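First the structure, in the form of structure tokens, and then the observations on it.
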Amino acid sequence: MNLTWLLRMAKLSRHPPSMRRVIIGAVAIGLALGIFGLEWLGLWPDWATLEPARRAPRLP
């Protein structure tokens, strides 16, 4: 763990985020986990899935 992360954790411990920000973060994480779970179970619709991007061929 580097110094930047330690300083960031110290700042968060001195000035914790508001309850509203914590709830927004929890809802965002919950939505992401819900979408992941639907896709893992095979219930995610095909129209909402991105096709893999085609890469340009590499020149020798």
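By order of appearance in the structure tokens: chains A, B, ..., then residues from 1 within every chain, and ligands from 1 in the order shown.
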| field | In chain A, DSSP alpha helix (DSSP H) residues written as a ChimeraX atom specification | value | /A:3-14,19-41
Writing out the chosen residues with C-alpha atoms as a PDB file, in the first residue's frame:
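File produced: part.pdb:
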ATOM      1  CA  LEU A   3       1.417   6.698   0.717  1.00  0.00           C
ATOM      2  CA  THR A   4      -1.381   8.074  -1.462  1.00  0.00           C
ATOM      3  CA  TRP A   5      -3.856   5.447  -0.281  1.00  0.00           C
ATOM      4  CA  LEU A   6      -2.852   5.931   3.349  1.00  0.00           C
ATOM      5  CA  LEU A   7      -3.428   9.685   3.053  1.00  0.00           C
ATOM      6  CA  ARG A   8      -6.789   9.100   1.383  1.00  0.00           C
ATOM      7  CA  MET A   9      -7.885   6.736   4.182  1.00  0.00           C
ATOM      8  CA  ALA A  10      -6.762   9.272   6.802  1.00  0.00           C
ATOM      9  CA  LYS A  11      -8.818  11.979   5.103  1.00  0.00           C
ATOM     10  CA  LEU A  12     -11.885   9.711   4.986  1.00  0.00           C
ATOM     11  CA  SER A  13     -11.524   8.866   8.664  1.00  0.00           C
ATOM     12  CA  ARG A  14     -11.349  12.555   9.616  1.00  0.00           C
ATOM     13  CA  MET A  19     -25.183   9.428   4.626  1.00  0.00           C
ATOM     14  CA  ARG A  20     -26.663  10.461   1.274  1.00  0.00           C
ATOM     15  CA  ARG A  21     -23.363   9.764  -0.505  1.00  0.00           C
ATOM     16  CA  VAL A  22     -23.049   6.407   1.251  1.00  0.00           C
ATOM     17  CA  ILE A  23     -26.573   5.440   0.137  1.00  0.00           C
ATOM     18  CA  ILE A  24     -25.868   6.511  -3.459  1.00  0.00           C
ATOM     19  CA  GLY A  25     -22.712   4.377  -3.470  1.00  0.00           C
ATOM     20  CA  ALA A  26     -24.542   1.378  -1.992  1.00  0.00           C
ATOM     21  CA  VAL A  27     -27.319   1.665  -4.595  1.00  0.00           C
ATOM     22  CA  ALA A  28     -24.769   1.872  -7.434  1.00  0.00           C
ATOM     23  CA  ILE A  29     -22.926  -1.213  -6.165  1.00  0.00           C
ATOM     24  CA  GLY A  30     -26.251  -3.039  -5.719  1.00  0.00           C
ATOM     25  CA  LEU A  31     -27.334  -2.256  -9.293  1.00  0.00           C
ATOM     26  CA  ALA A  32     -23.998  -3.441 -10.665  1.00  0.00           C
ATOM     27  CA  LEU A  33     -24.226  -6.683  -8.688  1.00  0.00           C
ATOM     28  CA  GLY A  34     -27.835  -7.152  -9.809  1.00  0.00           C
ATOM     29  CA  ILE A  35     -26.907  -6.758 -13.482  1.00  0.00           C
ATOM     30  CA  PHE A  36     -23.963  -9.119 -13.027  1.00  0.00           C
ATOM     31  CA  GLY A  37     -26.241 -11.678 -11.367  1.00  0.00           C
ATOM     32  CA  LEU A  38     -28.817 -11.484 -14.153  1.00  0.00           C
ATOM     33  CA  GLU A  39     -26.125 -11.958 -16.779  1.00  0.00           C
ATOM     34  CA  TRP A  40     -24.529 -14.831 -14.859  1.00  0.00           C
ATOM     35  CA  LEU A  41     -27.903 -16.595 -14.580  1.00  0.00           C
TER      36      LEU A  41
END
| So how many Å separate CA of Leu43 in chain A and CA of Arg55 in chain A, to one decimal? |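 About the pair CA of Leu43 in chain A and CA of Arg55 in chain A: they are 28.6 Å apart.
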